[in-house]
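In what follows, a single structure is set out as structure tokens and then discussed.
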Amino acid sequence: MSAPPVPTARPRSTYRLQIRPSFTLDDAAGLREYLTTLGADWVYFSPILTASEGSDHGYDVVDPRTVDPARGGRAALERAAQAFHEAGHGVLVDIVPNHVGVARPIENPWWWDVLARGQASRYAAAFDIDWPFGGGKVRLPVLGEAVEEAAASGALRVEQGVLRYYEHRFPLAEGSAAEGEDVLAVHARQHYQLMHWRREADDLNYRRFFGVSSLAAVRVEDPDVFDEAHAEIRSWFDDGLVDGLRVDHPDGLRAPVDYLERLAEVTGGRYVLVEKILEHGETLPQFFAAEGTTGYDALAEIDRVLVDPAGEAGLDDLDARLRERSGLPAARPWDEVIAGTKRAVAEGILRSEVRRLARDLDAADDTAVEDALAELLARFPVYRSYLPAGREHLVAAAHAARSQRPDLTGAIDAILPRLADPGHPAALRFQQTSGMIMAKGVEDTAFYRATRLGTLTEVGADPSLFALSVEEFHAAQAARHAAWPDAMTTLSTHDTKRGEDVRARLSVLAEIAERWAEVLEELTDAASSGHGPFDALLWQAVIGAWPASRERLHAYAEKAAREAGEATTWLEPDADFERRMHAVVDAAFDHPVAAARVESFVSEIEGAGWSNSLSAKLLQLAGPGVPDVYQGSELWEQSLVDPDNRRAVDFDARRRLLAAIDAGAQPLIDRTGAAKLLVTARTLRVRRDRPDLFTRYTPATVVGAAAHHAVAVDRGGALAVATRLPVGLAARGTRTGSPWEDTMLLRHAGPTTDIFTGRTFRGHIRLAELLETYPVALLVTADAS
């Protein structure tokens, strides 16, 4: 009997699964045969530590010491690990070191103990709490009214040994409540202060995840906190259950570099990835104890090589007309847009963080210092620095801040030396805060205001960079292969604003900017929110995700509009605007003209979108790095922003389709997505079984009239060919009778087989023949197929 296969030390690919109460670790183990057949190498689990009750995503861990019973518990992890290891799969798990869930204090034993015992709690050091600012108390922004009003109405009361406010429960300090005593007096004796939720922006005194007060940050820089928070994780490696980790949001940590060094001790130097967002032109610090990022940088590059640069002017003109008709100012340069949104965040939902920075500078309530800090944070060009590395980013931010606000020069000059000192508390906190401001100001606000082309506003991308040439794309991929060959690459995640195939379809608009303007005008004549740029965003969501349910589109519209914060907001919803906004969604289903136009326009562009989708998938799966397949995205992935992208996946349908393909069916490129499943499975299998064919990155030579419509690369024996700008290619065919004309892929004389069609070729290959069935091909030598 042969020994079971041993998982590779570094994955050749991963398949991400969302583990939740409705899809447990045992359910995941039931996919072993399917994932093996698909060709995936490692399985990749979302967070599995105990999360808040009912949590679908798992990033609100309430007890890092246990595997979530609702997700199957430790025993299910052991069963799943054994099942996947027996089949030769590695196991990668997402961990969340930056924060824990505190929405329901009673669920989190650490937080509950801090609220009950205050600074005397053994867990007080686990949380980043400014006790002096709170008068020795933790400030909890949970009330919808003043505390006196809550007490007077009976909403705030002592009941069954706890302090209650509607569904909220809080512990009582020992001996702090006598029977029948006034509830305000009892509240005053606690180690926490309940306050109106609107005060959180200014007066909160604990660090949190971005602007989410129900996620309290954890001080894993404290060795004792680190050890207790990672005891369960350490046991996964000690017991051989887990082979690697994905680290969520390390930029929120006080000392991420030190954290990764400690984590390497926990894992024994196993495979570790970081969810690090790189700005355009930024590279991952080479001193990170990690194999690379989770791949948003690769996503942006793949998207942009499939966008037609010639469409930029037309989409800019359309955006200008929409703004003018809506009475809005002209579009500003992207760096000014995000400086404004980041500044608004620093003065708004994250002002409490700016105020705490000022206190670290011994400048509490100094408005000039707070103003200078907010401006520096607004102008900071990347997520964070890692002092002493990255000091140039602080210098650049200071230069930009002085240029824009010369009145702040004195304050900036006064605080800059301390912010540049790696050991100063304010410098450490500034590095943590800059990423919060960037994420909320850019991804969660400005991305919903930049509406000319939805493809461009994805996590980790810079929408001012419209497209990449084939040469620029090859250069970026070659650099990835050289510097971070084991970093992850991705096209869809639980955080992407639009699924990969929504973006692929929207990229078509860059090829037909004038046509899109005509269609959009017809759609907005039928239904408009009154805000032209937002209408463009919303109709793109409809077109990109179609066919989509009414409920999904309504949920997207509300989130997108409130995140943009221009016509309505989360805190101050504009009922009239939102009524018009929802009417736009309904028009896609109910208005005869709009509904017909949506259907006809989707039919007009979906073929080109599918071409882009297959090209993107091949370039990712065959490209440098470790490609991840987000759950279900082996078929068309037309999700919108979370929670839409965490919908349940029909794995039975995928099993049946894959079995039919393996039985000899040659799928069409249609709405079933079977052609994408073919491309995914065949590429993953050869990637897993023949890693020797993926050892280098050499751009292949394509010559001829339509050469710029191809992206071709030799990965060391496997040669990937993908189509770009399919609308322009088809138009060329209309003019000449043959889209590819004389375009050829130049290669040596030996035989090679396209693993998607099974056809064998020799020597130079005409692309018209190679790409006759699919817009992509993956060529391998005959003996490797």
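Labels used: A, B, ... for chains in the order of the structure tokens, numbers from 1 for residues in each chain, and numbers from 1 for ligands as shown.
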
Can you tell me, as a VMD selection string, what residues are no more than 10 Å from Asp130 in chain A when counting only C-alpha atoms, ignoring any on the same chain fewer than 5 positions away?
-> chain A and resid 135 to 139 204 to 207 356 359

For range 250-254 of chain A, list every protein, DNA or RNA residue within 7 Å, evaluated using only C-alpha atoms, and leave out those in the same chain fewer than 4 positions away; present the list as a PyMOL selection string.
-> chain A and resi 98+221+274-275+384+428-429+432+435

Would you put the residues from that selection into a file with N, CA, C and O atoms, as a PDB file, in the first residue's frame?
```pdb
ATOM      1  N   ASN A  98      -5.397  41.441  14.932  1.00  0.00           N
ATOM      2  CA  ASN A  98      -5.527  42.857  15.240  1.00  0.00           C
ATOM      3  C   ASN A  98      -6.673  43.190  16.180  1.00  0.00           C
ATOM      4  O   ASN A  98      -6.605  44.162  16.923  1.00  0.00           O
ATOM      5  N   GLU A 221       1.450  43.061  20.711  1.00  0.00           N
ATOM      6  CA  GLU A 221       2.862  43.392  20.932  1.00  0.00           C
ATOM      7  C   GLU A 221       3.308  43.037  22.347  1.00  0.00           C
ATOM      8  O   GLU A 221       4.509  42.913  22.629  1.00  0.00           O
ATOM      9  N   VAL A 274       0.504  37.871   4.199  1.00  0.00           N
ATOM     10  CA  VAL A 274      -0.042  39.033   4.898  1.00  0.00           C
ATOM     11  C   VAL A 274      -1.049  39.752   4.003  1.00  0.00           C
ATOM     12  O   VAL A 274      -0.822  39.924   2.804  1.00  0.00           O
ATOM     13  N   GLU A 275      -2.156  40.143   4.612  1.00  0.00           N
ATOM     14  CA  GLU A 275      -3.142  40.957   3.888  1.00  0.00           C
ATOM     15  C   GLU A 275      -2.634  42.406   3.915  1.00  0.00           C
ATOM     16  O   GLU A 275      -3.056  43.224   4.726  1.00  0.00           O
ATOM     17  N   ARG A 384       1.074  52.574   5.558  1.00  0.00           N
ATOM     18  CA  ARG A 384       1.853  52.869   6.755  1.00  0.00           C
ATOM     19  C   ARG A 384       3.327  52.725   6.435  1.00  0.00           C
ATOM     20  O   ARG A 384       3.712  52.173   5.406  1.00  0.00           O
ATOM     21  N   LEU A 428       4.680  55.352  16.838  1.00  0.00           N
ATOM     22  CA  LEU A 428       4.113  54.012  16.736  1.00  0.00           C
ATOM     23  C   LEU A 428       2.618  54.083  16.444  1.00  0.00           C
ATOM     24  O   LEU A 428       2.096  53.360  15.590  1.00  0.00           O
ATOM     25  N   ARG A 429       1.919  54.980  17.124  1.00  0.00           N
ATOM     26  CA  ARG A 429       0.473  55.081  16.913  1.00  0.00           C
ATOM     27  C   ARG A 429       0.156  55.710  15.558  1.00  0.00           C
ATOM     28  O   ARG A 429      -0.828  55.337  14.913  1.00  0.00           O
ATOM     29  N   GLN A 432       0.034  53.040  13.033  1.00  0.00           N
ATOM     30  CA  GLN A 432      -1.198  52.266  13.095  1.00  0.00           C
ATOM     31  C   GLN A 432      -2.384  53.034  12.523  1.00  0.00           C
ATOM     32  O   GLN A 432      -3.278  52.451  11.905  1.00  0.00           O
ATOM     33  N   GLY A 435      -3.059  53.696   8.276  1.00  0.00           N
ATOM     34  CA  GLY A 435      -3.769  52.674   7.510  1.00  0.00           C
ATOM     35  C   GLY A 435      -5.267  52.739   7.709  1.00  0.00           C
ATOM     36  O   GLY A 435      -6.044  52.488   6.773  1.00  0.00           O
TER      37      GLY A 435
END
```

Could you pull out all residues of range 85-229 of chain A with a DSSP call of strand (DSSP E or B) and give them as a PyMOL selection string?
-> chain A and resi 91-95+99-101+127+129+138-143+156-159+162-165+168-170+192-196+206+208-209+212-218

Write out as a ChimeraX atom specification the residues lying within 9 Å of range 310-321 of chain A, counting only C-alpha atoms and excluding same-chain residues fewer than 4 positions away.
-> /A:325-326,329-331,451-453,466-467,509-514,516-517,532-533,536

Selection from above, N, CA and C atoms, as a tab-separated table (two decimals), in the first residue's frame, can you write it?
```tsv
chain	number	residue	atom	x	y	z
A	325	ARG	N	-24.38	68.09	-15.52
A	325	ARG	CA	-25.84	67.99	-15.49
A	325	ARG	C	-26.38	67.92	-14.07
A	326	SER	N	-25.60	67.38	-13.17
A	326	SER	CA	-26.05	67.24	-11.78
A	326	SER	C	-25.66	68.44	-10.92
A	329	PRO	N	-19.25	69.80	-8.94
A	329	PRO	CA	-17.96	70.32	-9.39
A	329	PRO	C	-17.28	69.36	-10.35
A	330	ALA	N	-16.39	69.87	-11.17
A	330	ALA	CA	-15.61	69.03	-12.08
A	330	ALA	C	-14.75	68.06	-11.28
A	331	ALA	N	-14.43	66.94	-11.89
A	331	ALA	CA	-13.60	65.95	-11.22
A	331	ALA	C	-12.22	66.52	-10.92
A	451	THR	N	-16.48	56.93	-10.36
A	451	THR	CA	-17.47	56.04	-10.99
A	451	THR	C	-17.30	55.87	-12.49
A	452	ARG	N	-16.20	56.37	-13.07
A	452	ARG	CA	-16.11	56.31	-14.53
A	452	ARG	C	-16.02	54.88	-15.05
A	453	LEU	N	-15.33	53.98	-14.30
A	453	LEU	CA	-15.22	52.58	-14.70
A	453	LEU	C	-15.01	51.73	-13.45
A	466	PHE	N	-5.27	53.95	-15.40
A	466	PHE	CA	-6.40	53.44	-16.17
A	466	PHE	C	-6.13	52.07	-16.77
A	467	ALA	N	-4.96	51.87	-17.34
A	467	ALA	CA	-4.67	50.64	-18.06
A	467	ALA	C	-3.18	50.37	-18.05
A	509	LEU	N	-16.56	48.29	-21.26
A	509	LEU	CA	-17.04	49.65	-21.48
A	509	LEU	C	-15.92	50.59	-21.95
A	510	ALA	N	-14.69	50.28	-21.57
A	510	ALA	CA	-13.58	51.12	-22.02
A	510	ALA	C	-13.37	51.01	-23.52
A	511	GLU	N	-13.81	49.91	-24.11
A	511	GLU	CA	-13.69	49.75	-25.56
A	511	GLU	C	-14.84	50.42	-26.31
A	512	ILE	N	-15.93	50.71	-25.63
A	512	ILE	CA	-17.13	51.25	-26.29
A	512	ILE	C	-17.66	52.44	-25.51
A	513	ALA	N	-16.78	53.37	-25.19
A	513	ALA	CA	-17.18	54.48	-24.32
A	513	ALA	C	-18.36	55.27	-24.89
A	514	GLU	N	-18.36	55.53	-26.18
A	514	GLU	CA	-19.46	56.29	-26.78
A	514	GLU	C	-20.76	55.50	-26.72
A	516	TRP	N	-21.53	53.20	-24.53
A	516	TRP	CA	-21.95	53.17	-23.13
A	516	TRP	C	-22.62	54.48	-22.75
A	517	ALA	N	-22.12	55.59	-23.21
A	517	ALA	CA	-22.74	56.89	-22.92
A	517	ALA	C	-24.17	56.94	-23.46
A	532	GLY	N	-25.79	62.21	-11.19
A	532	GLY	CA	-25.32	61.54	-12.39
A	532	GLY	C	-24.19	60.56	-12.19
A	533	PRO	N	-23.09	60.93	-11.51
A	533	PRO	CA	-22.01	59.97	-11.31
A	533	PRO	C	-22.45	58.72	-10.53
A	536	ALA	N	-24.23	56.39	-12.79
A	536	ALA	CA	-23.28	55.60	-13.59
A	536	ALA	C	-22.78	54.41	-12.80
```

Within 7 Å of range 722-729 of chain A, counting only C-alpha atoms, which residues qualify if same-chain residues fewer than 3 places away don't, as a short mmCIF file (atom, residue, chain, number, x, y, z; two decimals) with N, CA and C atoms, in the first residue's frame?
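What ended up in selection18.cif:
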```cif
data_model
loop_
_atom_site.label_atom_id
_atom_site.label_comp_id
_atom_site.auth_asym_id
_atom_site.auth_seq_id
_atom_site.Cartn_x
_atom_site.Cartn_y
_atom_site.Cartn_z
N LEU A 306 -6.28 44.27 -19.42
CA LEU A 306 -7.47 43.96 -20.21
C LEU A 306 -8.36 45.18 -20.42
N VAL A 307 -7.93 46.35 -19.97
CA VAL A 307 -8.67 47.60 -20.16
C VAL A 307 -8.06 48.36 -21.32
N ASP A 308 -8.90 48.88 -22.20
CA ASP A 308 -8.45 49.61 -23.39
C ASP A 308 -8.06 51.03 -23.00
N GLU A 511 -13.81 49.91 -24.11
CA GLU A 511 -13.69 49.75 -25.56
C GLU A 511 -14.84 50.42 -26.31
N ALA A 608 -17.94 39.59 -24.93
CA ALA A 608 -16.62 40.21 -24.71
C ALA A 608 -16.22 40.14 -23.25
N SER A 611 -14.88 36.75 -22.57
CA SER A 611 -13.52 36.66 -23.09
C SER A 611 -12.53 37.25 -22.09
N ASN A 612 -12.86 38.43 -21.57
CA ASN A 612 -12.00 39.05 -20.56
C ASN A 612 -11.88 38.15 -19.32
N SER A 615 -9.58 35.24 -19.96
CA SER A 615 -8.20 35.72 -20.05
C SER A 615 -7.64 36.05 -18.68
N HIS A 709 -3.47 42.46 -29.33
CA HIS A 709 -4.66 41.85 -28.72
C HIS A 709 -4.32 40.56 -27.97
N ALA A 710 -3.06 40.20 -27.91
CA ALA A 710 -2.66 38.96 -27.23
C ALA A 710 -1.70 39.25 -26.09
N VAL A 711 -1.83 38.46 -25.03
CA VAL A 711 -0.85 38.43 -23.94
C VAL A 711 -0.35 37.00 -23.89
N ALA A 712 0.93 36.80 -24.12
CA ALA A 712 1.47 35.44 -24.18
C ALA A 712 2.75 35.36 -23.36
N ARG A 732 -12.00 44.40 -35.93
CA ARG A 732 -10.97 44.15 -36.94
C ARG A 732 -11.43 43.03 -37.89
N GLY A 733 -12.07 42.02 -37.32
CA GLY A 733 -12.56 40.93 -38.15
C GLY A 733 -13.64 41.36 -39.11
N PRO A 739 -10.33 38.28 -37.66
CA PRO A 739 -9.87 39.14 -36.56
C PRO A 739 -8.35 39.09 -36.35
N PRO A 775 -10.94 31.98 -26.18
CA PRO A 775 -10.03 33.12 -26.32
C PRO A 775 -8.72 32.94 -25.57
N VAL A 776 -8.52 31.77 -24.99
CA VAL A 776 -7.31 31.47 -24.24
C VAL A 776 -6.79 30.10 -24.63
N ALA A 777 -5.51 29.90 -24.42
CA ALA A 777 -4.89 28.59 -24.65
C ALA A 777 -3.76 28.41 -23.65
#
```

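Residues surrounding range 224-240 of chain A within 6 Å are Pro64, Arg65, Ala126, Val266 and Thr267 of chain A [only C-alpha atoms; sequence separation below 6 positions excluded].
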
Write out as a VMD selection string each polymer residue whose atoms come within 8 Å of Gln477 in chain A, counting only C-alpha atoms; drop sequence neighbours fewer than 3 positions from it.
-> chain A and resid 473 to 474 480 to 481 623 to 624 697
